[in-house]
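The file protein-v4.cif contains mmCIF, C-alpha atoms:
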data_model
#
loop_
_atom_site.label_atom_id
_atom_site.label_comp_id
_atom_site.auth_asym_id
_atom_site.auth_seq_id
_atom_site.Cartn_x
_atom_site.Cartn_y
_atom_site.Cartn_z
CA MET A 1 0.00 0.00 0.00
CA LYS A 2 1.37 3.39 -1.02
CA ILE A 3 1.70 5.76 1.92
CA GLN A 4 0.30 9.21 1.25
CA ILE A 5 -0.17 12.16 3.57
CA SER A 6 -2.48 15.14 3.17
CA THR A 7 -1.53 18.57 1.87
CA ALA A 8 -1.96 20.01 5.37
CA GLN A 9 0.41 17.45 6.87
CA ALA A 10 2.99 18.16 4.17
CA VAL A 11 2.79 21.91 4.77
CA MET A 12 3.11 21.53 8.55
CA LEU A 13 6.08 19.21 8.10
CA LEU A 14 7.85 21.72 5.85
CA VAL A 15 7.04 24.73 8.02
CA LEU A 16 8.40 23.03 11.14
CA SER A 17 11.57 22.11 9.26
CA ARG A 18 11.96 25.70 8.03
CA MET A 19 11.52 27.10 11.52
CA PHE A 20 14.76 25.38 12.52
CA ARG A 21 16.79 28.13 10.93
CA THR A 22 14.38 30.87 12.05
CA VAL A 23 14.39 30.22 15.79
CA THR A 24 18.15 29.60 15.78
CA TYR A 25 19.18 32.44 13.49
CA SER A 26 22.48 33.92 14.66
CA PRO A 27 23.38 37.34 13.15
CA MET A 28 26.42 37.65 15.43
CA PHE A 29 28.73 36.09 12.84
CA GLU A 30 27.47 38.17 9.92
CA ASP A 31 28.80 41.52 8.79
CA LEU A 32 25.78 43.56 9.88
CA THR A 33 25.57 47.02 11.40
CA GLU A 34 21.79 47.52 11.52
CA ALA A 35 19.29 44.95 12.78
CA SER A 36 16.39 46.43 10.79
CA ALA A 37 17.86 44.91 7.64
CA ILE A 38 16.88 41.46 8.95
CA VAL A 39 13.17 42.31 8.86
CA TYR A 40 13.29 43.87 5.40
CA ALA A 41 15.25 40.93 4.02
CA ASP A 42 12.76 38.42 5.47
CA ILE A 43 9.90 40.09 3.60
CA ILE A 44 11.76 40.45 0.30
CA SER A 45 12.94 36.82 0.47
CA ILE A 46 9.34 35.60 0.16
CA PHE A 47 8.91 37.17 -3.28
CA VAL A 48 12.40 36.26 -4.50
CA THR A 49 11.77 32.64 -3.53
CA LEU A 50 8.65 32.54 -5.70
CA ILE A 51 10.70 33.68 -8.70
CA ILE A 52 13.50 31.18 -8.17
CA ILE A 53 11.20 28.15 -7.94
CA LEU A 54 9.25 29.01 -11.12
CA PRO A 55 10.98 26.18 -13.06
CA LEU A 56 9.86 23.74 -10.36
CA PHE A 57 6.29 25.02 -10.69
CA ILE A 58 6.38 24.36 -14.42
CA LEU A 59 8.08 20.98 -14.10
CA LEU A 60 5.82 19.63 -11.36
CA ARG A 61 2.57 21.34 -12.32
CA ASN A 62 0.92 18.02 -13.20
CA GLY A 63 0.82 16.93 -9.57
CA GLN A 64 2.71 14.14 -7.85
CA ASP A 65 5.64 13.89 -10.26
CA ASP A 66 8.80 12.18 -9.05
CA ILE A 67 11.77 14.40 -9.96
CA LEU A 68 14.19 11.47 -9.64
CA LEU A 69 12.07 9.35 -11.97
CA GLU A 70 11.70 12.30 -14.32
CA SER A 71 15.47 12.73 -14.54
CA THR A 72 15.95 9.00 -15.15
CA LYS A 73 13.45 9.13 -18.03
CA CYS A 74 15.50 11.86 -19.67
CA SER A 75 18.75 9.94 -19.30
CA ARG A 76 19.93 7.14 -17.05
CA LYS A 77 23.24 8.92 -16.42
CA LEU A 78 21.48 12.19 -15.72
CA GLY A 79 19.19 10.36 -13.31
CA LYS A 80 22.17 9.02 -11.36
CA VAL A 81 23.80 12.45 -11.26
CA VAL A 82 20.61 14.06 -9.97
CA MET A 83 20.17 11.34 -7.34
CA VAL A 84 23.75 11.73 -6.10
CA TYR A 85 23.41 15.51 -6.00
CA TYR A 86 20.19 15.45 -3.98
CA PHE A 87 21.67 12.83 -1.65
CA LEU A 88 24.74 14.98 -0.97
CA LEU A 89 22.50 17.98 -0.44
CA ILE A 90 20.40 16.15 2.15
CA MET A 91 23.58 14.98 3.87
CA LEU A 92 24.68 18.60 3.99
CA VAL A 93 21.39 19.55 5.65
CA LEU A 94 21.75 16.67 8.12
CA ILE A 95 25.28 17.63 9.10
CA ASN A 96 24.48 21.34 9.32
CA THR A 97 21.36 20.74 11.44
CA THR A 98 23.06 18.28 13.79
CA SER A 99 26.11 20.49 14.36
CA ARG A 100 23.93 23.54 15.00
CA PHE A 101 21.80 21.51 17.40
CA GLU A 102 24.92 20.63 19.34
CA ALA A 103 26.07 24.27 19.27
CA PHE A 104 22.77 25.44 20.75
CA MET A 105 22.70 22.77 23.46
CA SER A 106 26.32 23.34 24.51
CA ASN A 107 26.21 27.16 24.35
CA ALA A 108 22.74 27.98 25.64
CA ILE A 109 21.57 24.99 27.69
CA PHE A 110 24.32 22.63 28.90
CA PRO A 111 27.72 24.36 28.61
CA ASN A 112 29.58 21.52 30.34
CA ILE A 113 28.15 18.61 28.37
CA SER A 114 30.24 16.63 25.88
CA SER A 115 29.46 17.46 22.26
CA LEU A 116 29.78 13.80 21.32
CA THR A 117 27.16 12.86 23.92
CA VAL A 118 24.72 15.40 22.53
CA ILE A 119 25.25 14.33 18.91
CA ILE A 120 25.00 10.58 19.53
CA SER A 121 21.94 10.75 21.80
CA PHE A 122 20.17 13.13 19.42
CA LEU A 123 20.86 11.05 16.31
CA LEU A 124 19.79 7.83 18.05
CA VAL A 125 16.39 9.36 18.81
CA CYS A 126 16.10 10.58 15.22
CA LEU A 127 17.17 7.15 13.95
CA TYR A 128 14.30 5.59 15.88
CA GLY A 129 11.93 8.16 14.36
CA ALA A 130 13.23 7.37 10.88
CA LYS A 131 12.69 3.64 11.51
CA MET A 132 9.05 4.43 12.31
CA GLY A 133 8.65 5.81 8.80
CA PHE A 134 7.48 8.85 6.86
CA GLU A 135 3.83 8.60 7.86
CA ALA A 136 4.71 8.51 11.56
CA ILE A 137 6.85 11.68 11.46
CA SER A 138 4.14 13.38 9.39
CA ARG A 139 1.50 12.65 12.02
CA ALA A 140 3.84 13.71 14.81
CA SER A 141 4.54 16.99 13.01
CA SER A 142 0.83 17.83 13.04
CA ILE A 143 0.82 17.68 16.85
CA LEU A 144 4.14 19.51 17.12
CA PHE A 145 2.88 22.23 14.79
CA VAL A 146 0.03 23.03 17.19
CA ILE A 147 2.48 23.06 20.12
CA PHE A 148 4.76 25.34 18.11
CA ILE A 149 1.99 27.88 17.49
CA ILE A 150 0.89 27.85 21.14
CA SER A 151 4.47 28.31 22.30
CA LEU A 152 4.99 31.27 19.97
CA ILE A 153 1.76 32.85 21.19
CA PHE A 154 3.04 32.64 24.78
CA ILE A 155 6.42 34.12 23.87
CA PHE A 156 4.94 36.88 21.70
CA GLY A 157 2.21 37.69 24.22
CA PHE A 158 4.57 38.15 27.15
CA SER A 159 7.03 40.18 25.09
CA PHE A 160 4.49 42.62 23.60
CA GLU A 161 5.10 45.37 26.16
CA LYS A 162 8.84 45.26 25.54
CA MET A 163 8.54 46.05 21.82
CA HIS A 164 9.57 49.51 20.61
CA LEU A 165 8.84 50.71 17.07
CA VAL A 166 11.85 53.02 17.25
CA ASN A 167 14.07 49.94 16.84
CA LEU A 168 12.68 49.35 13.34
CA LYS A 169 14.41 52.14 11.44
CA PRO A 170 15.61 52.84 7.88
CA ILE A 171 18.92 51.33 6.83
CA ILE A 172 21.62 53.96 6.49
CA ASP A 173 24.81 51.98 5.93
CA LYS A 174 24.85 50.27 2.49
CA PRO A 175 21.10 49.45 2.41
CA ILE A 176 21.02 47.65 -0.97
CA SER A 177 24.08 45.43 -0.49
CA THR A 178 23.18 44.65 3.12
CA VAL A 179 19.62 43.55 2.31
CA TYR A 180 20.81 41.67 -0.79
CA GLU A 181 23.29 39.60 1.23
CA LEU A 182 20.65 38.79 3.83
CA VAL A 183 18.13 37.77 1.17
CA VAL A 184 20.68 35.43 -0.43
CA HIS A 185 21.56 34.01 2.99
CA ASN A 186 17.88 33.53 3.81
CA ILE A 187 17.02 31.72 0.58
CA SER A 188 20.20 29.62 0.80
CA HIS A 189 18.86 27.96 3.94
CA ASN A 190 15.44 27.23 2.45
CA MET A 191 16.27 23.59 1.73
CA GLU A 192 12.68 22.54 2.33
CA PHE A 193 11.99 22.67 -1.41
CA VAL A 194 14.58 19.95 -1.88
CA LEU A 195 12.80 17.85 0.73
CA LEU A 196 9.43 18.55 -0.88
CA VAL A 197 10.39 17.41 -4.39
CA LEU A 198 11.67 14.15 -2.91
CA PHE A 199 8.60 13.26 -0.85
CA LEU A 200 6.06 14.82 -3.23
CA PRO A 201 4.93 11.41 -4.60
CA LYS A 202 3.83 10.54 -1.06
CA VAL A 203 1.51 13.55 -0.79
CA LYS A 204 -2.09 13.68 -1.99
CA GLY A 205 -1.92 17.37 -2.89
CA THR A 206 -0.18 19.13 -5.79
CA PHE A 207 3.21 20.81 -5.71
CA SER A 208 1.78 24.28 -6.38
CA LYS A 209 -0.80 24.06 -3.59
CA ILE A 210 1.70 22.77 -1.03
CA THR A 211 4.31 25.33 -2.04
CA LEU A 212 2.02 28.36 -1.90
CA TRP A 213 0.69 27.42 1.52
CA TYR A 214 4.20 26.66 2.76
CA ILE A 215 5.62 29.99 1.55
CA PHE A 216 2.64 31.90 2.97
CA ILE A 217 2.68 30.31 6.45
CA SER A 218 6.45 30.12 6.86
CA GLY A 219 6.76 33.69 5.56
CA ILE A 220 4.40 34.92 8.28
CA PHE A 221 6.28 33.07 11.02
CA ILE A 222 9.70 34.18 9.79
CA THR A 223 8.63 37.81 9.54
CA LEU A 224 6.99 37.72 12.98
CA VAL A 225 9.98 36.17 14.70
CA GLY A 226 12.41 38.55 13.00
CA SER A 227 10.26 41.65 13.61
CA ILE A 228 9.61 40.93 17.29
CA THR A 229 13.26 40.14 17.91
CA VAL A 230 14.39 43.42 16.36
CA LEU A 231 11.59 45.44 18.00
CA ILE A 232 12.69 44.20 21.43
CA LEU A 233 16.47 44.02 21.16
CA GLY A 234 17.12 46.61 18.46
CA ASP A 235 20.73 46.66 17.24
CA PHE A 236 21.64 44.62 20.31
CA THR A 237 20.29 41.70 18.25
CA LEU A 238 23.55 41.70 16.30
CA ASN A 239 25.55 40.88 19.45
CA GLN A 240 23.54 37.76 20.34
CA ILE A 241 24.44 34.22 19.35
CA PHE A 242 20.76 33.19 19.49
CA PRO A 243 18.69 36.40 19.75
CA PHE A 244 15.27 34.71 19.81
CA PHE A 245 16.40 32.53 22.72
CA SER A 246 17.66 35.69 24.46
CA ILE A 247 14.15 37.14 24.23
CA ALA A 248 12.60 33.99 25.63
CA SER A 249 15.09 33.92 28.52
CA ILE A 250 14.13 37.40 29.76
CA MET A 251 10.37 36.95 29.42
CA GLU A 252 8.21 36.27 32.45
CA GLY A 253 4.47 35.92 32.63
CA GLY A 254 1.83 34.34 34.85
CA THR A 255 2.63 30.86 36.04
CA ILE A 256 5.37 30.43 33.41
CA GLN A 257 8.44 32.15 34.81
CA ARG A 258 11.03 30.84 32.35
CA MET A 259 10.03 31.25 28.71
CA ASP A 260 13.42 29.98 27.63
CA SER A 261 12.33 26.49 28.68
CA ILE A 262 9.53 26.72 26.09
CA HIS A 263 12.03 27.82 23.47
CA MET A 264 14.36 24.96 24.35
CA ALA A 265 11.53 22.45 23.93
CA LEU A 266 10.63 24.07 20.59
CA TRP A 267 14.21 23.86 19.43
CA VAL A 268 14.55 20.17 20.28
CA LEU A 269 11.25 19.20 18.67
CA ILE A 270 11.89 21.17 15.48
CA SER A 271 15.40 19.77 15.19
CA TYR A 272 14.03 16.26 15.68
CA VAL A 273 11.45 16.69 12.89
CA ARG A 274 13.98 18.11 10.44
CA VAL A 275 16.70 15.53 11.02
CA THR A 276 14.28 12.59 11.07
CA LEU A 277 12.70 13.70 7.79
CA CYS A 278 16.14 14.11 6.21
CA LEU A 279 17.22 10.66 7.41
CA ILE A 280 14.16 9.07 5.80
CA LEU A 281 14.69 10.84 2.48
CA ALA A 282 18.47 10.33 2.43
CA ASN A 283 17.91 6.62 3.04
CA GLU A 284 15.42 6.35 0.17
CA VAL A 285 17.65 8.23 -2.28
CA LEU A 286 20.72 6.18 -1.31
CA ARG A 287 18.77 2.96 -1.84
CA LYS A 288 17.83 4.14 -5.33
CA ILE A 289 21.46 5.02 -6.09
CA THR A 290 22.79 1.65 -4.93
CA GLY A 291 19.79 -0.35 -6.14
CA ALA A 292 19.41 -1.97 -2.73
CA LYS A 293 16.59 -4.53 -2.53
CA ASN A 294 16.61 -5.68 1.09
CA LYS A 295 15.32 -3.28 3.72
CA ASN A 296 17.86 -4.22 6.40
CA GLY A 297 18.50 -0.65 7.53
CA LYS A 298 22.23 -0.73 6.74
CA GLU A 299 22.02 2.39 4.56
CA LEU A 300 20.29 4.32 7.34
CA ILE A 301 22.93 3.34 9.88
CA VAL A 302 25.70 4.40 7.48
CA ILE A 303 24.01 7.79 6.98
CA VAL A 304 23.69 8.32 10.74
CA GLY A 305 27.32 7.31 11.24
CA ILE A 306 28.63 9.75 8.63
CA THR A 307 26.45 12.53 10.04
CA ALA A 308 27.68 11.89 13.59
CA ILE A 309 31.37 11.81 12.66
CA VAL A 310 31.38 14.91 10.45
CA SER A 311 29.16 16.88 12.86
CA TYR A 312 31.48 16.02 15.73
CA PHE A 313 34.57 17.23 13.87
CA ILE A 314 32.74 20.44 12.95
CA THR A 315 31.99 21.09 16.63
CA LEU A 316 35.71 20.67 17.32
CA ASP A 317 36.30 23.48 14.82
CA TYR A 318 38.61 21.49 12.57
CA ASP A 319 39.94 23.80 9.86
CA SER A 320 39.94 21.03 7.25
CA ILE A 321 36.14 20.64 7.33
CA LYS A 322 34.94 24.07 8.47
CA TRP A 323 33.91 24.76 4.88
CA ILE A 324 31.21 22.06 4.94
CA PRO A 325 28.46 23.99 6.81
CA ASN A 326 29.45 27.18 4.96
CA ILE A 327 28.51 25.66 1.59
CA VAL A 328 24.85 26.36 2.36
CA ASN A 329 25.51 30.09 2.64
CA THR A 330 26.86 30.26 -0.92
CA PHE A 331 23.33 30.02 -2.40
CA VAL A 332 24.74 27.69 -5.08
CA PRO A 333 23.35 24.36 -3.72
CA ILE A 334 19.73 25.47 -3.45
CA PHE A 335 19.92 27.35 -6.77
CA ILE A 336 21.11 24.24 -8.61
CA ALA A 337 18.48 22.06 -6.93
CA THR A 338 15.48 24.33 -7.47
CA PHE A 339 16.40 26.19 -10.67
CA VAL A 340 19.19 24.62 -12.74
CA ILE A 341 18.11 20.95 -12.49
CA PRO A 342 14.42 21.72 -13.25
CA ILE A 343 15.50 23.82 -16.26
CA ILE A 344 17.61 20.93 -17.58
CA LEU A 345 14.73 18.47 -17.11
CA LEU A 346 12.31 20.84 -18.85
CA ILE A 347 14.70 21.06 -21.84
CA PHE A 348 14.94 17.26 -22.03
CA ARG A 349 11.16 16.92 -21.70
CA ARG A 350 10.62 19.40 -24.52
CA LYS A 351 13.18 17.64 -26.69
CA ASN A 352 11.55 14.25 -26.14
CA LYS A 353 8.11 15.64 -26.97
CA ASN A 354 9.42 17.11 -30.21
CA GLU A 355 11.02 13.80 -31.18
CA ILE A 356 7.78 11.90 -30.48
CA LYS A 357 5.85 14.47 -32.51
CA LYS A 358 8.22 14.05 -35.47
CA VAL A 359 7.83 10.28 -35.37
CA ASN A 360 4.03 10.57 -35.28
CA ASP A 361 4.06 13.05 -38.17
CA ASN A 362 6.25 10.74 -40.28
CA ASN A 363 3.89 7.84 -39.65
#

Spell out the structure here as structure tokens.
Amino acid sequence: MKIQISTAQAVMLLVLSRMFRTVTYSPMFEDLTEASAIVYADIISIFVTLIIILPLFILLRNGQDDILLESTKCSRKLGKVVMVYYFLLIMLVLINTTSRFEAFMSNAIFPNISSLTVIISFLLVCLYGAKMGFEAISRASSILFVIFIISLIFIFGFSFEKMHLVNLKPIIDKPISTVYELVVHNISHNMEFVLLVLFLPKVKGTFSKITLWYIFISGIFITLVGSITVLILGDFTLNQIFPFFSIASIMEGGTIQRMDSIHMALWVLISYVRVTLCLILANEVLRKITGAKNKNGKELIVIVGITAIVSYFITLDYDSIKWIPNIVNTFVPIFIATFVIPIILLIFRRKNKNEIKKVNDNN
């Protein structure tokens, strides 16, 4: 029986995954002088994203198309190349997410804990979730999505009085270049479209419907989180490793005296959803690459092992692999996955249609 989830479940799964970067955004390591640029860039990124994924809209407009199958139809070699590329991209997301999870836990929550302990325990839990399957994580995300909204309402509600509109001001220092860099950085981390094209055949809804709802809902959340953070902290936002967590840690209200505990729970749950989803998809793509028949779970264990090792070395700040998480910021990976590859497949599709038409005309 083919497992399929609803459009709503798919959207909630993608939004939760996207919120990973939002609630853990760290402007401290970026060359910024004005926090207001973050808010403007968040809004502009929504419209730029729609433009970039236009080829995907055209390619997948017929519904539940499988982009890996589509590439294989065009050419067997091209299909293998596309599979390998998407697999490496998911591995990049896995490593980046796991290493950032460890960074948050060791910097904001448990400063004395071993990084290896955090990584191994976290990946083991995600491995169990991946073993449960795609449908299980989809159902769990529906519950977590409601918890996420409630948690944000608490945090936003208790922080309302601390917001000051004076902190949202025009950008004076290099406004165009500053916003441009932030927009590129924002879109570079929007790997959810890669995840969507891979699990699209398992969704009852169409690509366009899922995408529009995802962009709309995630855009609202991203803009809200960014705006409230800047309205409260102002330019002090730029000096925080995790500014949204800083807001939660100073909030107090009613019977909940420590809002940072809510944020910590949010962070763990969102990280769990994202990594588990990536493990499931990475496993499926790797099985297609290798042509594995038996579902013995060896591929999944290999993926977890590679993720754990590389993530651990990244946390140790090894110069030889520091470039790995920085690849995402170059914008190149997501651009190739959501623009270049769909364009290539559209060209092949058009070419094949023309050849079929010529054959029919000759007959």

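Among A:Ile247, A:Cys74, A:Val146, A:Gly205, the residue with the shortest atom-to-atom distance to Phe158 (chain A), counting all atoms listed in the file, is A:Ile247.
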
Exercise. Using all atoms listed in the file, pick whichever of A:Phe221, A:Phe244, A:Phe199, A:Phe313 has the shortest atom-to-atom distance to Thr7 (chain A).
Key: A:Phe199

Do you have, as CSV, the list of residues of region 125-223 of chain A lying at most 9 Å from region 43-54 of chain A, each with its nearest atom pair and that distance in Å to one decimal, counting only C-alpha atoms and ordered by chain then number?
residue,atom,partner,partner_atom,distance
A:Val179,CA,A:Ile44,CA,8.7
A:Leu182,CA,A:Ser45,CA,8.6
A:Val183,CA,A:Ser45,CA,5.3
A:Val184,CA,A:Ser45,CA,7.9
A:Asn186,CA,A:Ser45,CA,6.8
A:Ile187,CA,A:Ser45,CA,6.5
A:Asn190,CA,A:Thr49,CA,8.9
A:Phe193,CA,A:Ile53,CA,8.6
A:Leu212,CA,A:Leu50,CA,8.7
A:Ile215,CA,A:Ile46,CA,6.9
A:Phe216,CA,A:Ile46,CA,8.2
A:Gly219,CA,A:Ile46,CA,6.3
A:Ile220,CA,A:Ile43,CA,8.9
A:Ile222,CA,A:Ile43,CA,8.6
A:Thr223,CA,A:Ile43,CA,6.5

File of the preceding selection, C-alpha atoms, as a short mmCIF file (atom, residue, chain, number, x, y, z; two decimals), keeping the file's coordinate frame:
data_model
loop_
_atom_site.label_atom_id
_atom_site.label_comp_id
_atom_site.auth_asym_id
_atom_site.auth_seq_id
_atom_site.Cartn_x
_atom_site.Cartn_y
_atom_site.Cartn_z
CA VAL A 179 19.62 43.55 2.31
CA LEU A 182 20.65 38.79 3.83
CA VAL A 183 18.13 37.77 1.17
CA VAL A 184 20.68 35.43 -0.43
CA ASN A 186 17.88 33.53 3.81
CA ILE A 187 17.02 31.72 0.58
CA ASN A 190 15.44 27.23 2.45
CA PHE A 193 11.99 22.67 -1.41
CA LEU A 212 2.02 28.36 -1.90
CA ILE A 215 5.62 29.99 1.55
CA PHE A 216 2.64 31.90 2.97
CA GLY A 219 6.76 33.69 5.56
CA ILE A 220 4.40 34.92 8.28
CA ILE A 222 9.70 34.18 9.79
CA THR A 223 8.63 37.81 9.54
#

Any chance you could resolve the PyMOL selection byres ((chain A and resi 119) around 8) against this file and give the residues as a PDB file with C-alpha atoms, keeping the file's coordinate frame?
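As a result, out26.pdb now contains:
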ATOM      1  CA  THR A  98      23.060  18.280  13.790  1.00  0.00           C
ATOM      2  CA  SER A  99      26.110  20.490  14.360  1.00  0.00           C
ATOM      3  CA  GLU A 102      24.920  20.630  19.340  1.00  0.00           C
ATOM      4  CA  SER A 115      29.460  17.460  22.260  1.00  0.00           C
ATOM      5  CA  LEU A 116      29.780  13.800  21.320  1.00  0.00           C
ATOM      6  CA  THR A 117      27.160  12.860  23.920  1.00  0.00           C
ATOM      7  CA  VAL A 118      24.720  15.400  22.530  1.00  0.00           C
ATOM      8  CA  ILE A 120      25.000  10.580  19.530  1.00  0.00           C
ATOM      9  CA  SER A 121      21.940  10.750  21.800  1.00  0.00           C
ATOM     10  CA  PHE A 122      20.170  13.130  19.420  1.00  0.00           C
ATOM     11  CA  LEU A 123      20.860  11.050  16.310  1.00  0.00           C
ATOM     12  CA  ALA A 308      27.680  11.890  13.590  1.00  0.00           C
ATOM     13  CA  SER A 311      29.160  16.880  12.860  1.00  0.00           C
ATOM     14  CA  TYR A 312      31.480  16.020  15.730  1.00  0.00           C
TER      15      TYR A 312
END

Quiz item: Which of these, A:Arg100, A:Arg349, A:Arg274, A:His185, has the shortest distance to Ala41 (chain A) once you count only C-alpha atoms?
Solution: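 Once distances to Ala41 (chain A) are computed over only C-alpha atoms, the minimum belongs to A:His185.
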
Practice problem: Given the file shown, determine the residues that the PyMOL selection byres ((chain A and resi 266) around 10) selects; report them as a PyMOL selection string. | Solution: chain A and resi 16+19-20+23+144-145+147-149+151-152+260-265+267-272

Exercise. Could you tell me how far CA of Gln9 (chain A) lies from CA of Phe87 (chain A), in Å and to one decimal?
Key: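 A separation of 23.4 Å between them.
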
Exercise. Using the chain letters and numbering of this document, enumerate as an MDAnalysis selection string the residues selected by the PyMOL selection byres ((chain A and resi 14) around 10).
Key: chainID A and resid 8:13 15:19 138 141 190:193 195:196 210:211 214:215 218 273:274 277

Practice problem: Provide the CA of Pro201 (chain A) to CA of Ser71 (chain A) distance in Å, to one decimal place. | Solution: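 CA of Ser71 (chain A) lies at a distance of 14.5 Å from CA of Pro201 (chain A).
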